[in-house]
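**Q** This is the structure I have questions about; it appears just below.
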Amino acid sequence: MRGELISGKGLEKIESPRYIIFGPNALGRTAEILHSLGLTGTAVVVSGSSVTAVVAKDLIDMLEGDMKVYHVVARQGGIEDVLQVIKEAEERNADFLIGVGGGKPLDVTKLAAAKLGVRYAVVPTSASHDGIASPAVNFSLSKQAETRFGGIRGMEAPTAVVADTRVINRAPPETFKSGFGDLVAKFTAVRDWELAHKLKDEPYSEYAASMSLLSAKIATDHASEIKSGLEESTRILVKALIGSGVAISIAGSSRPASGSEHMFSHALDAIAAKEGVKPAPHGIQVALGTIMMAYLQGQDWKWIREKLREAGVPTTAEEAGLRPDLVVKALTVAHRIRDRYTILGVTGLTPTAAEKLARATGVIR
Ligand SMILES: [Zn+2]
């Protein structure tokens, strides 16, 4: 991964987005931005299948005439979509890619761009997670990429981020709650990172850690103002999520943004898939994880829970629509989900300890 801390040699490389524009009608400025960054010629636009496809079509209308633009709809957001984008881009001799969507189409774009060795821009259509401006892709896709390509190298941050707050305002209320949850997670993620640095001598960047915590602080300072459809809420969330993404770019790893609370959420996703039940949105699961991991870390978990409540984010399994037994199960296997040292340690929680934790924090009753 680009931006990796090259430990031992004293060399660090920082890869971050070159151009970030956000605000109402930012979309209308895309052609101008792409031009100024030398992103010209032929582009492949990658979007989701429903609402994001409409935004993509608007964008294509604006860009056509100026450049050649082709459209790929990433239906599943999985590795097959990545391969389809690569094929289309190779056939069309594309110079760069543009990802339009909430999460998955952006991740598909990132991975395809890395494989093709081309640059890319992103147009986020919701403020639901911090992958907007980071070089990292979601956990499930990175696992698939490992199996398919034997790892992912050359992942870069987007060259341009065009966040149109008018577009993002129209996203469902749940996406705002999820974005807020993903930001609060930085409190536990950074604590886990510090722990791994002290106990396992993992490379640590104070700058990336501070920046990540700052993103969480910006969100919690405005917790009660986070409401969907408000220009100001969108602005705060987008700004903080981009900040978190840049912290990931600086660290060259998702470490500053993702610790035990994310491992809990990934475990829950895996268990839900096995059980054939629907998981909750990423940031909402992560929010529950943050409350519980903060408790384990000896942080002020009640304050974190209060901030989540102020922002209208679910703080119990019931509110999140999750089965309590699956929450407990996820807690017992979260430490095994990836090779990342956290407060969960090497052996994780026993079933009894997991249940006690979930009850003590009020996540289950
Ligand atoms: Zn996240």
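Naming scheme: A, B, ... for chains in displayed order of the structure tokens; residues 1 onward per chain; ligands 1 onward as shown.
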Within 7 Å of ligand 1, counting only C-alpha atoms and all ligand atoms: which residues, as a short mmCIF file (atom, residue, chain, number, x, y, z; two decimals) with N, CA and C atoms, in the first residue's frame?

**A**
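Result went into out.cif, see below:
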```cif
data_model
loop_
_atom_site.label_atom_id
_atom_site.label_comp_id
_atom_site.auth_asym_id
_atom_site.auth_seq_id
_atom_site.Cartn_x
_atom_site.Cartn_y
_atom_site.Cartn_z
N HIS A 129 -19.47 6.82 5.81
CA HIS A 129 -18.24 6.16 6.29
C HIS A 129 -17.02 6.96 5.82
N ASP A 130 -15.84 6.58 6.32
CA ASP A 130 -14.67 7.41 6.02
C ASP A 130 -13.83 6.89 4.84
N ASP A 182 -19.21 5.98 12.50
CA ASP A 182 -17.87 5.66 12.00
C ASP A 182 -16.84 6.66 12.51
N ALA A 257 -8.16 4.55 12.07
CA ALA A 257 -9.61 4.65 11.92
C ALA A 257 -10.36 3.39 12.30
N SER A 258 -9.64 2.30 12.51
CA SER A 258 -10.31 1.02 12.65
C SER A 258 -9.59 0.11 13.64
N HIS A 262 -14.28 -1.97 14.97
CA HIS A 262 -14.52 -2.39 13.61
C HIS A 262 -14.45 -3.92 13.49
N HIS A 282 -22.88 -0.23 8.43
CA HIS A 282 -21.52 -0.28 8.96
C HIS A 282 -21.31 0.61 10.19
N GLY A 283 -21.58 1.91 10.02
CA GLY A 283 -21.29 2.86 11.10
C GLY A 283 -22.15 2.65 12.34
N VAL A 286 -20.57 -0.31 14.14
CA VAL A 286 -19.31 0.19 14.68
C VAL A 286 -19.58 1.04 15.94
#
```

**Q** At a cut-off of 7 Å, using only C-alpha atoms, what residues contact segment 207-220 of chain A? Leave out same-chain residues fewer than 4 positions from it and give the result as an MDAnalysis selection string.

**A** chainID A and resid 180 183:184 186:187 190 236:237 240:241 243:244 247 250:251 256:257 307

**Q** Rank nothing, just name the residue among A:Arg170, A:Lys143, A:Lys57, A:Lys110 nearest to Arg338 of chain A, using only C-alpha atoms.

**A**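 Checking each of A:Arg170, A:Lys143, A:Lys57, A:Lys110 against Arg338 of chain A, counting only C-alpha atoms, the winner is A:Lys143.
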
**Q** Per residue of segment 186-297 of chain A within 10 Å of segment 11-22 of chain A, which atom pair is closest and at what distance in Å (one decimal), using only C-alpha atoms, listed by chain and increasing number, as CSV?

**A**
```
residue,atom,partner,partner_atom,distance
A:Thr234,CA,A:Phe22,CA,9.9
A:Arg235,CA,A:Phe22,CA,7.8
A:Val238,CA,A:Phe22,CA,8.1
A:Lys239,CA,A:Phe22,CA,8.4
A:Ile242,CA,A:Ile20,CA,8.7
A:Gly245,CA,A:Ser16,CA,8.7
A:Val246,CA,A:Ser16,CA,6.0
A:Ala247,CA,A:Ser16,CA,8.8
A:Ile248,CA,A:Ser16,CA,8.9
A:Ser249,CA,A:Ser16,CA,5.5
A:Ile250,CA,A:Ile14,CA,5.2
A:Ala251,CA,A:Ile14,CA,7.7
A:Gly252,CA,A:Ile14,CA,7.4
```

**Q** Which distance in Å separates atom CA of Gly23 of chain A and atom CA of Asn169 of chain A, to one decimal?

**A**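 Between atom CA of Gly23 of chain A and atom CA of Asn169 of chain A the gap is 10.6 Å.
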
**Q** So that I can check the surroundings of Asp61 of chain A, please list as a list in words every protein, DNA and RNA residue that reaches within 12 Å of it, counting only C-alpha atoms and ignoring chain neighbours fewer than 4 positions away.

**A**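 Close residues of Asp61 of chain A: Leu27, Gly28, Thr30, Ala31, Val45, Val54, Val55, Ala56, Lys57, Gly65, Asp66, Met67, Lys68, Val69, Tyr70 and His71 of chain A.
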
**Q** Taking C-alpha atoms for each residue, export the selection above as an mmCIF file, in the first residue's frame.

**A**
```cif
data_model
loop_
_atom_site.group_PDB
_atom_site.id
_atom_site.type_symbol
_atom_site.label_atom_id
_atom_site.label_comp_id
_atom_site.auth_asym_id
_atom_site.auth_seq_id
_atom_site.Cartn_x
_atom_site.Cartn_y
_atom_site.Cartn_z
ATOM 1 C CA LEU A 27 -20.776 18.361 -9.008
ATOM 2 C CA GLY A 28 -21.138 21.103 -11.608
ATOM 3 C CA THR A 30 -16.209 18.390 -11.902
ATOM 4 C CA ALA A 31 -15.097 19.000 -15.504
ATOM 5 C CA VAL A 45 -17.577 6.131 -14.485
ATOM 6 C CA VAL A 54 -28.878 8.744 -11.666
ATOM 7 C CA VAL A 55 -26.148 10.988 -10.220
ATOM 8 C CA ALA A 56 -23.627 9.238 -12.489
ATOM 9 C CA LYS A 57 -25.812 9.932 -15.547
ATOM 10 C CA GLY A 65 -18.251 16.711 -25.196
ATOM 11 C CA ASP A 66 -15.251 17.478 -23.043
ATOM 12 C CA MET A 67 -14.091 13.866 -22.880
ATOM 13 C CA LYS A 68 -15.143 10.321 -23.745
ATOM 14 C CA VAL A 69 -17.075 8.755 -20.876
ATOM 15 C CA TYR A 70 -18.243 5.166 -20.370
ATOM 16 C CA HIS A 71 -20.463 3.906 -17.564
#
```

**Q** Of the candidates A:Gly321, A:Pro135, A:Pro105, A:Gly229, which one gets nearest to Gly154 of chain A if we count only C-alpha atoms?

**A**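 When distances to Gly154 of chain A are compared using only C-alpha atoms, the smallest one comes from A:Pro135.
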
**Q** Mind checking DSSP for segment 100-224 of chain A and telling me the strand (DSSP E or B) residues as a PyMOL selection string?

**A** chain A and resi 100-101+119-124+160-164

**Q** Create the file for the chosen residues now, containing N, CA and C atoms and written as a PDB file, in the first residue's frame.

**A**
```
ATOM      1  N   VAL A 100     -18.753   6.879  -8.389  1.00  0.00           N
ATOM      2  CA  VAL A 100     -19.899   7.647  -7.899  1.00  0.00           C
ATOM      3  C   VAL A 100     -20.725   6.736  -6.998  1.00  0.00           C
ATOM      4  N   GLY A 101     -20.888   7.085  -5.722  1.00  0.00           N
ATOM      5  CA  GLY A 101     -21.721   6.242  -4.866  1.00  0.00           C
ATOM      6  C   GLY A 101     -21.486   6.462  -3.394  1.00  0.00           C
ATOM      7  N   ARG A 119      -5.161   6.873 -12.327  1.00  0.00           N
ATOM      8  CA  ARG A 119      -5.691   7.704 -11.243  1.00  0.00           C
ATOM      9  C   ARG A 119      -7.225   7.659 -11.235  1.00  0.00           C
ATOM     10  N   TYR A 120      -7.803   8.162 -10.157  1.00  0.00           N
ATOM     11  CA  TYR A 120      -9.268   8.163 -10.088  1.00  0.00           C
ATOM     12  C   TYR A 120      -9.776   9.318  -9.231  1.00  0.00           C
ATOM     13  N   ALA A 121     -11.033   9.679  -9.503  1.00  0.00           N
ATOM     14  CA  ALA A 121     -11.720  10.702  -8.700  1.00  0.00           C
ATOM     15  C   ALA A 121     -12.936  10.039  -8.064  1.00  0.00           C
ATOM     16  N   VAL A 122     -13.382  10.569  -6.925  1.00  0.00           N
ATOM     17  CA  VAL A 122     -14.614  10.035  -6.335  1.00  0.00           C
ATOM     18  C   VAL A 122     -15.664  11.134  -6.137  1.00  0.00           C
ATOM     19  N   VAL A 123     -16.918  10.733  -6.339  1.00  0.00           N
ATOM     20  CA  VAL A 123     -18.057  11.617  -6.103  1.00  0.00           C
ATOM     21  C   VAL A 123     -18.947  10.902  -5.083  1.00  0.00           C
ATOM     22  N   PRO A 124     -18.753  11.144  -3.786  1.00  0.00           N
ATOM     23  CA  PRO A 124     -19.573  10.454  -2.788  1.00  0.00           C
ATOM     24  C   PRO A 124     -21.016  10.955  -2.807  1.00  0.00           C
ATOM     25  N   ALA A 160      -8.943  13.271  -6.797  1.00  0.00           N
ATOM     26  CA  ALA A 160      -9.919  14.336  -6.492  1.00  0.00           C
ATOM     27  C   ALA A 160     -11.131  13.768  -5.768  1.00  0.00           C
ATOM     28  N   VAL A 161     -11.641  14.536  -4.807  1.00  0.00           N
ATOM     29  CA  VAL A 161     -12.891  14.200  -4.123  1.00  0.00           C
ATOM     30  C   VAL A 161     -13.870  15.342  -4.407  1.00  0.00           C
ATOM     31  N   VAL A 162     -14.979  15.011  -5.049  1.00  0.00           N
ATOM     32  CA  VAL A 162     -15.986  16.031  -5.337  1.00  0.00           C
ATOM     33  C   VAL A 162     -17.230  15.692  -4.518  1.00  0.00           C
ATOM     34  N   ALA A 163     -17.387  16.356  -3.383  1.00  0.00           N
ATOM     35  CA  ALA A 163     -18.505  16.048  -2.480  1.00  0.00           C
ATOM     36  C   ALA A 163     -19.550  17.144  -2.587  1.00  0.00           C
ATOM     37  N   ASP A 164     -20.605  16.850  -3.319  1.00  0.00           N
ATOM     38  CA  ASP A 164     -21.680  17.827  -3.507  1.00  0.00           C
ATOM     39  C   ASP A 164     -22.670  17.686  -2.352  1.00  0.00           C
TER      40      ASP A 164
END
```

**Q** Report the residues of segment 67-308 of chain A whose backbone DSSP state falls under alpha helix (DSSP H), written as a PyMOL selection string.

**A** chain A and resi 79-91+104-116+139-149+165-169+173-184+186-200+206-221+231-251+260-275+282-297+301-308

**Q** Report, in Å with one decimal, the straight-line distance from atom CA of Ser178 of chain A to atom CA of Ala287 of chain A.

**A**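 Atom-to-atom, atom CA of Ser178 of chain A to atom CA of Ala287 of chain A, that is 8.0 Å.
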